[in-house]
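Structure first, then comments.
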Amino acid sequence: MTDERLAHISALERKVLWLATWTIHNANHLRNNEDGLKIGGHQASSASLATIMTALYFSALRPQDRVAVKPHASPIFHAIQYLLGHQSKEKLADFRAYRGAQSYPSRTKDVDDVDFSTGSVGLGVAQTLFASLVQDYVKAHGWAKDWPEGRMVALIGDAEMDEGNIFEALLEGWKQGLRNCWWIIDYNRQSLDAVIREGLFSRFEALFSAFGWEVVTLKYGSLLEEAFREQGGEALRRWIDTCPNQLYSALTFQGGAAWRKRLLDDIGDQGPVTALIERRSDEALARLMTNLAGHDLPSLITAFEAAKAHDKPVVFIAYTIKGFGLPLAGHKDNHSGLMTPAQMEDFRKAMNIRPGHEWDKFEGLGVDARKLQAFLDAVPFNARGARRLTAPRVPVPAELPAPKQAEMSTQQGFGLVLNELARSDTALAERIVTTSPDVTVSTNLGPWVNRRGLFAREAMADTFRQERIPSTFNWEFSPKGQHMELGIAEMNLFIMLSALGLSHSLFGERLLPIGTLYDPFIARGLDALNYACYQDARFLLTATPSGITLAPEGGAHQSIATPLIGMAQDGLAAFEPAFVDELSVIMRFAFDYMQRSGEAADEDGSAARSWLRDETGGSVYLRLSTRPLAQPQRTMSADLARDIIDGAYWLREPGPNSEIVVAYAGAIAPEAIAAVGLMAEDRRDVGLLAVTSADRLNAGWTAASRARERGLVHARSRVERLFAKLPPHCGIVTVLDGHPATLAWLGAVGGHRTRSLGVEHFGQTGSLADLYRHYGIDTQSIVAAAETLAPGRPIRHLRALG
């Protein structure tokens with residue numbers, strides 16, 4: 001590395017630290033603050049990564065490399081992007097304000113070149129591991145030929161390593177033969193509340209080595225290495241190596257005089273080492289003792305270049321100081337601390353920044369601006385400009401095959417639809433990739449895997465098949481396989497789906513991921529599911545079996561709240577079909593919906609019809625059941641298919657004098673149908689509403705209501721149209737195998753009295769009849785609920801059922 005190049009990178013390091021610190025200061029002390037709340041911004045946590053990120057972005061990274069930035073280093077990231085021309089001064093000035101640069105890097109809300117959203121600590125770290133596995137999948141299938149292999153890089157706070165999902169991901173990476181992944185641990189030995197435990201670095205070294213990673217420990221900077229070569233240097237090294245973390249942090253905060261006193265007190269008068277210390281002023285001694293490798297550009301650049309020689313996963317344990325270069329450095333309370341205006345003024349003077357020139361790119365650097373701009377223009381990472389890739393849509397047929405059997409469960413139907421796709425030679429089948437946390441067979445992915453195979457970079461035969469042992473499933477691995485088998489960790493499933501669902505943007509190749517798991521265990525990976533949706537990853541989540549309908553399994557395997565999760569989760573369209581022909585329609589919709597990005601015209605008028613933002617697309621969640629149901633013998637018309645996608649349709653349309661409507665979702669359909677049949681003998685015009693998506697019905701209703709409040713007086717949602725002809729005195733009974741609040745809101749649409757049935761408590765083992773009766777979702781309970789809404793005319797069958 002030439003002296004001039006190092007001088008340019010050093011100047012940029014100073015500028016990055018200044019811009020990040022000033023951005024936070026401006027937000028908290030200078031910008032108008034209407035509500036009086038602290039804006040925050042983590043000046044100290046940002047500062048500890050300033051040198052590392054400078055070395056990465058201005059030297060080590062290439063356009064194909066992808067980075068997950070430590071959440072609290074967001075201001076450093078935005079400052080770097082500003083210098084590279086991908087961030088505006090206005091966005092920096094509005095940091096943490098409405099539509100300004102985000103608190104934590106966001107793919108969907110920041111304008112600069114964010115590869116992976118971060119914020120929920122640990123998830124961005126694991127995302128890089130799974131993105132590397134997805135890159136291997138794409139390359140093994142012969143795609144992305146114009147986009148070279150990149151490294152997936154995570155910048156990690158050492159306290160962030162406490163997150164359990166990171167270790168789950170490490171194990172999965174070892175299983176899958178991880179490559180091209182760098183994790184850089186910002187080892188500043190401080191967490192939010194305290195100083196971390198002694199000796200943690202040795203645990204990191206042992207852990208990563210056990211999983212096959214190369215461990216690179218970056219402890220001493222070039223100044224310290226030079227001092228160690230002086231007479232007495234080894235004694236200084238021994239003192240540093242045995243110094244407790246808390247003491248090192250405290251002395252860093254106190255400065256040169258405190259360093260001198262403590263060193264001389266601890267080491268004593270030993271001639272050479274005393275002379276080494278005394279040759280340096282207090283300022284020089286403080287600079288020496290804080291010259292850790294994580295703040296030393298030559299050490300970092302050399303280490304990064306050396307690691308490029310191979311594709312093994314590498315973890316860099318980079319010793320740093322929290323708040324490095326700031327008056328907050330080393331103090332254990334600095335995590336959320338902010339520099340005072342007086343401290344900022346001193347920092348401004350030290351950085352040679354003139355008042356009014358705080359945002360100038362090259363202010364105070366003392367380097368030729370034209371040469372520095374030329375250096376920035378030639379930075380390898382920035383050579384190809386914006387790195388957000390695109391991929392064409394995969395054609396989706398007008399219909400998917402709907403299995404024709406008299407009786408089926410939706411879980412069985414899901415497997416059969418996929419099996420038919422697996423038999424086909426279509427672009428859609430080619431781009432589907434499935435994954436599951438060790439429940440492939442029990443979620444009915446087995447037929448798909450039998451036909452399409454499991455993925456691995458190196459082929460592995462099914463020994464049972466080779467030995468001619470009869471087996472239902474053919475578990476052969478190959479580079480062309482289309483199923484990625486995971487261990488039992490739902491967090492890994494959702495982060496894998498996130499990585500697969502961003503392949504079009506990261507690698508320029510469209511994948512259509514399908515992940516399966518047991519419905520109750522969505523909660524185990526909910527943070528990662530939310531993270532995947534926040535990133536706008538696209539996938540089909542199939543959760544089965546669900547509800548207390550999984551009767552013999554008991555409360556541990558029965559889900560209650562998942563329909564509400566489906567309704568509340570942004571970026572996820574939730575469906576709960578009862579019948580397999582509905583499921584086929586929804587899966588066809590899902591494959592198309594997953595590929596939408598807002599550019600397509602609203603050809604079918606869905607926005608005006610349902611008030612759903614379908615043009616923007618998203619991910620899809622299917623809540624399926626193992627309960628076999630008698631399948632309706634009907635032809636799937638275009639109108640019926642549209643209604644299923646919009647969220648509901650009349651299985652029995654109510655008449656003008658209707659007193660009762662039953663609305664059901666999912667596997668409880670037989671009880672709802674039977675109840676309506678009984679009531680129809682005594683009451684006219686009883687209606688039966690099949691709700692295929694409470695989520696989309698509710699979203700359309702709230703959107704249409706909002707539109708009317710804004711002056712679009714004719715806006716009407718799907719559910720409002722469905723209920724438009726119901727008389728005011730009509731009552732609504734809602735029922736599903738899940739929390740009753742899922743459908744309880746339906747009465748508010750038209751002001752109808754409503755009784756909502758469902759499951760509110762943990763289940764227990766038993767038969768379906770026992771459990772449905774116990775929780776009040778059986779036929780008799782539905783009829784009884786209707787009687788409470790429309791009294792005065794007894795339903796004779798209610799007494800007979802009793």
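Starting from 1 in every chain, residues are counted up; chains themselves are A, B, ... following the order of the structure tokens, and ligands are numbered from 1 as listed.
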Which of stretch 674-794 of chain A fall in strand (DSSP E or B), as a list in words: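 Everything in stretch 674-794 of chain A that counts as strand (DSSP E or B) is Gly687, Leu688, Leu689, Ala690, Val691, Gly731, Ile732, Val733, Thr734, Val735, Leu736, Thr754, Arg755, Ser756 and Leu757 of chain A.
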Given only C-alpha atoms as the counted atoms, nearest of A:Glu363, A:Asp685, A:Glu283, A:Asp643 to A:Arg260: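 Closest to A:Arg260 of all the choices is A:Glu283.
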Fewer than 5 positions away in the same chain doesn't count, so skip those; otherwise give me all residues within 9 Å of A:Gly655, counting only C-alpha atoms, as number ranges by chain. A: 684-687, 725-726
Quick one: DSSP helix (DSSP H, G or I) residues in stretch 20-181 of chain A, as a PyMOL selection string? chain A and resi 20-30+43-47+50-60+71-84+89-93+123-140+158-162+164-176
Write a file of the just-selected residues containing C-alpha atoms, as a PDB file, in the first residue's frame.
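Generated output (result20.pdb):
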```pdb
ATOM      1  CA  ALA A  20     -21.163  10.396  12.048  1.00  0.00           C
ATOM      2  CA  THR A  21     -20.606  12.296  15.285  1.00  0.00           C
ATOM      3  CA  TRP A  22     -21.919  15.554  13.846  1.00  0.00           C
ATOM      4  CA  THR A  23     -24.989  13.858  12.381  1.00  0.00           C
ATOM      5  CA  ILE A  24     -25.965  12.630  15.848  1.00  0.00           C
ATOM      6  CA  HIS A  25     -25.129  15.967  17.480  1.00  0.00           C
ATOM      7  CA  ASN A  26     -27.185  17.880  14.923  1.00  0.00           C
ATOM      8  CA  ALA A  27     -30.187  15.621  15.523  1.00  0.00           C
ATOM      9  CA  ASN A  28     -30.044  16.015  19.307  1.00  0.00           C
ATOM     10  CA  HIS A  29     -28.833  19.568  19.877  1.00  0.00           C
ATOM     11  CA  LEU A  30     -29.404  21.690  16.764  1.00  0.00           C
ATOM     12  CA  GLN A  43     -21.918   8.215  19.192  1.00  0.00           C
ATOM     13  CA  ALA A  44     -19.614   5.895  21.151  1.00  0.00           C
ATOM     14  CA  SER A  45     -20.815   2.674  19.516  1.00  0.00           C
ATOM     15  CA  SER A  46     -20.394   4.264  16.098  1.00  0.00           C
ATOM     16  CA  ALA A  47     -16.900   5.520  16.841  1.00  0.00           C
ATOM     17  CA  ALA A  50     -15.094   4.002  12.244  1.00  0.00           C
ATOM     18  CA  THR A  51     -11.654   2.643  11.337  1.00  0.00           C
ATOM     19  CA  ILE A  52     -12.845  -0.888  10.541  1.00  0.00           C
ATOM     20  CA  MET A  53     -15.596   0.325   8.244  1.00  0.00           C
ATOM     21  CA  THR A  54     -13.263   2.802   6.575  1.00  0.00           C
ATOM     22  CA  ALA A  55     -10.794   0.001   5.825  1.00  0.00           C
ATOM     23  CA  LEU A  56     -13.591  -2.192   4.494  1.00  0.00           C
ATOM     24  CA  TYR A  57     -15.476   0.219   2.276  1.00  0.00           C
ATOM     25  CA  PHE A  58     -12.530   2.214   0.947  1.00  0.00           C
ATOM     26  CA  SER A  59     -10.087  -0.670   0.502  1.00  0.00           C
ATOM     27  CA  ALA A  60     -11.207  -4.272   1.030  1.00  0.00           C
ATOM     28  CA  PRO A  71     -27.063  -1.549  14.169  1.00  0.00           C
ATOM     29  CA  HIS A  72     -25.461   1.145  16.289  1.00  0.00           C
ATOM     30  CA  ALA A  73     -22.911   1.932  13.568  1.00  0.00           C
ATOM     31  CA  SER A  74     -25.660   3.271  11.323  1.00  0.00           C
ATOM     32  CA  PRO A  75     -24.275   6.860  11.409  1.00  0.00           C
ATOM     33  CA  ILE A  76     -20.869   5.572  10.252  1.00  0.00           C
ATOM     34  CA  PHE A  77     -22.535   3.710   7.397  1.00  0.00           C
ATOM     35  CA  HIS A  78     -24.541   6.747   6.327  1.00  0.00           C
ATOM     36  CA  ALA A  79     -21.404   8.928   6.473  1.00  0.00           C
ATOM     37  CA  ILE A  80     -19.520   6.504   4.209  1.00  0.00           C
ATOM     38  CA  GLN A  81     -22.425   6.394   1.764  1.00  0.00           C
ATOM     39  CA  TYR A  82     -22.506  10.200   1.782  1.00  0.00           C
ATOM     40  CA  LEU A  83     -18.846  10.307   0.769  1.00  0.00           C
ATOM     41  CA  LEU A  84     -19.477   7.692  -1.943  1.00  0.00           C
ATOM     42  CA  LYS A  89     -26.819  15.958   3.159  1.00  0.00           C
ATOM     43  CA  GLU A  90     -30.545  16.484   3.700  1.00  0.00           C
ATOM     44  CA  LYS A  91     -31.037  12.870   4.778  1.00  0.00           C
ATOM     45  CA  LEU A  92     -28.078  13.105   7.172  1.00  0.00           C
ATOM     46  CA  ALA A  93     -29.440  16.336   8.622  1.00  0.00           C
ATOM     47  CA  LEU A 123     -30.265 -11.247  12.917  1.00  0.00           C
ATOM     48  CA  GLY A 124     -28.197  -9.273  10.421  1.00  0.00           C
ATOM     49  CA  VAL A 125     -25.185 -11.325  11.473  1.00  0.00           C
ATOM     50  CA  ALA A 126     -26.882 -14.648  10.775  1.00  0.00           C
ATOM     51  CA  GLN A 127     -28.337 -13.219   7.559  1.00  0.00           C
ATOM     52  CA  THR A 128     -24.856 -12.989   6.032  1.00  0.00           C
ATOM     53  CA  LEU A 129     -24.267 -16.689   6.719  1.00  0.00           C
ATOM     54  CA  PHE A 130     -27.492 -17.751   5.041  1.00  0.00           C
ATOM     55  CA  ALA A 131     -26.956 -15.305   2.174  1.00  0.00           C
ATOM     56  CA  SER A 132     -23.645 -17.041   1.513  1.00  0.00           C
ATOM     57  CA  LEU A 133     -25.441 -20.399   1.371  1.00  0.00           C
ATOM     58  CA  VAL A 134     -27.981 -18.931  -1.052  1.00  0.00           C
ATOM     59  CA  GLN A 135     -25.140 -17.629  -3.221  1.00  0.00           C
ATOM     60  CA  ASP A 136     -23.771 -21.176  -3.353  1.00  0.00           C
ATOM     61  CA  TYR A 137     -27.223 -22.441  -4.369  1.00  0.00           C
ATOM     62  CA  VAL A 138     -27.517 -19.896  -7.167  1.00  0.00           C
ATOM     63  CA  LYS A 139     -24.017 -20.596  -8.472  1.00  0.00           C
ATOM     64  CA  ALA A 140     -24.417 -24.384  -8.263  1.00  0.00           C
ATOM     65  CA  ASP A 158     -19.122  -8.158  20.957  1.00  0.00           C
ATOM     66  CA  ALA A 159     -22.169  -7.948  23.235  1.00  0.00           C
ATOM     67  CA  GLU A 160     -24.275  -8.854  20.190  1.00  0.00           C
ATOM     68  CA  MET A 161     -22.604 -12.263  20.313  1.00  0.00           C
ATOM     69  CA  ASP A 162     -24.843 -13.067  23.293  1.00  0.00           C
ATOM     70  CA  GLY A 164     -28.593 -17.254  20.698  1.00  0.00           C
ATOM     71  CA  ASN A 165     -29.661 -17.209  17.049  1.00  0.00           C
ATOM     72  CA  ILE A 166     -26.052 -16.480  16.066  1.00  0.00           C
ATOM     73  CA  PHE A 167     -24.920 -19.805  17.496  1.00  0.00           C
ATOM     74  CA  GLU A 168     -27.809 -21.665  15.884  1.00  0.00           C
ATOM     75  CA  ALA A 169     -26.677 -20.182  12.583  1.00  0.00           C
ATOM     76  CA  LEU A 170     -23.046 -21.169  13.198  1.00  0.00           C
ATOM     77  CA  LEU A 171     -24.042 -24.803  13.564  1.00  0.00           C
ATOM     78  CA  GLU A 172     -26.123 -24.690  10.382  1.00  0.00           C
ATOM     79  CA  GLY A 173     -23.245 -23.078   8.511  1.00  0.00           C
ATOM     80  CA  TRP A 174     -20.967 -25.936   9.513  1.00  0.00           C
ATOM     81  CA  LYS A 175     -23.525 -28.480   8.316  1.00  0.00           C
ATOM     82  CA  GLN A 176     -23.915 -26.765   4.961  1.00  0.00           C
TER      83      GLN A 176
END
```
Which residue gives the smallest distance to A:Ser299 among A:Gln466, A:Gln482, A:Ser717, A:Ser222, with only C-alpha atoms counted? A:Ser222
Need the shell around A:Asn419: protein/DNA/RNA residues with any atom at most 8 Å away, counting only C-alpha atoms. Skip same-chain ones fewer than 6 positions apart. Format as a VMD selection string? chain A and resid 447 to 448 451
What does the file look like for those residues with N, CA and C atoms, as a PDB file, in the first residue's frame?
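As written to disk, result_26.pdb reads:
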```pdb
ATOM      1  N   PRO A 447     -42.951 -35.620  -1.248  1.00  0.00           N
ATOM      2  CA  PRO A 447     -43.058 -35.888  -2.691  1.00  0.00           C
ATOM      3  C   PRO A 447     -42.251 -34.905  -3.548  1.00  0.00           C
ATOM      4  N   TRP A 448     -42.265 -33.632  -3.162  1.00  0.00           N
ATOM      5  CA  TRP A 448     -41.472 -32.640  -3.898  1.00  0.00           C
ATOM      6  C   TRP A 448     -39.982 -32.995  -3.817  1.00  0.00           C
ATOM      7  N   ARG A 451     -38.774 -35.885  -5.975  1.00  0.00           N
ATOM      8  CA  ARG A 451     -38.628 -35.593  -7.396  1.00  0.00           C
ATOM      9  C   ARG A 451     -37.523 -34.585  -7.679  1.00  0.00           C
TER      10      ARG A 451
END
```
Please identify every residue of stretch 285-388 of chain A that has at least one atom no farther than 12 Å from an atom of stretch 274-279 of chain A, counting only C-alpha atoms, and for each give the shortest atom pair and the distance in Å to one decimal, arranged by chain then increasing number, as JSON lines.
```
{"residue": "A:Leu285", "atom": "CA", "partner": "A:Ile277", "partner_atom": "CA", "distance": 7.1}
{"residue": "A:Ala286", "atom": "CA", "partner": "A:Ile277", "partner_atom": "CA", "distance": 10.5}
{"residue": "A:Leu288", "atom": "CA", "partner": "A:Ile277", "partner_atom": "CA", "distance": 9.9}
{"residue": "A:Met289", "atom": "CA", "partner": "A:Ile277", "partner_atom": "CA", "distance": 10.4}
```
With C-alpha atoms retained, could you export that selection as a compact mmCIF listing (two decimals), in the first residue's frame?
```
# COMPACT_ATOMS: atom_id res chain seq x y z
CA LEU A 285 1.34 7.62 25.85
CA ALA A 286 -2.46 7.74 25.60
CA LEU A 288 0.09 4.42 22.21
CA MET A 289 -2.04 2.61 24.81
```
Residues near A:Glu671, cut-off 7 Å, only C-alpha atoms, skip fewer than 4 positions along chain, as a ChimeraX atom specification: /A:675,778-779
Okay, now the selection with N, CA and C atoms, as a compact mmCIF listing (two decimals), in the first residue's frame?
```
# COMPACT_ATOMS: atom_id res chain seq x y z
N ALA A 675 -74.10 -26.45 11.24
CA ALA A 675 -74.89 -25.52 12.05
C ALA A 675 -75.85 -24.71 11.18
N ASP A 778 -67.96 -26.40 18.38
CA ASP A 778 -68.65 -27.48 17.70
C ASP A 778 -69.98 -26.98 17.14
N THR A 779 -70.68 -27.84 16.44
CA THR A 779 -71.94 -27.44 15.80
C THR A 779 -72.94 -26.91 16.82
```
Excluding same-chain residues fewer than 2 positions from A:Val315, what lies within 6 Å of it counting only C-alpha atoms, as a list in words?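 Skipping anything fewer than 2 positions along the chain leaves Trp182, Trp183, Ile184 and Val215 of chain A.
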Include N, CA and C atoms and write out the residues we just selected as a PDB file, in the first residue's frame.
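Writing the result to part.pdb gives the following:
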```
ATOM      1  N   TRP A 182     -17.417 -13.455   6.114  1.00  0.00           N
ATOM      2  CA  TRP A 182     -16.555 -12.807   7.105  1.00  0.00           C
ATOM      3  C   TRP A 182     -17.431 -12.230   8.207  1.00  0.00           C
ATOM      4  N   TRP A 183     -17.055 -12.505   9.433  1.00  0.00           N
ATOM      5  CA  TRP A 183     -17.658 -11.816  10.569  1.00  0.00           C
ATOM      6  C   TRP A 183     -16.565 -11.038  11.280  1.00  0.00           C
ATOM      7  N   ILE A 184     -16.801  -9.767  11.508  1.00  0.00           N
ATOM      8  CA  ILE A 184     -15.825  -8.896  12.161  1.00  0.00           C
ATOM      9  C   ILE A 184     -16.412  -8.458  13.497  1.00  0.00           C
ATOM     10  N   VAL A 215      -9.730 -18.054  12.418  1.00  0.00           N
ATOM     11  CA  VAL A 215      -9.829 -17.008  13.429  1.00  0.00           C
ATOM     12  C   VAL A 215      -8.634 -16.077  13.294  1.00  0.00           C
TER      13      VAL A 215
END
```
Measuring between only C-alpha atoms, which one of A:Ile565, A:Arg452, A:Thr435, A:Leu583 shows the shortest distance to A:Gly515?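 Using only C-alpha atoms, A:Gly515 sits closest to A:Thr435.
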For a quick check of understanding, using only C-alpha atoms, which of A:Val67, A:Pro552, A:Leu61, A:Pro632 has the smallest distance to A:Gln405?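 Nearest candidate to A:Gln405 out of A:Val67, A:Pro552, A:Leu61, A:Pro632: A:Pro632.
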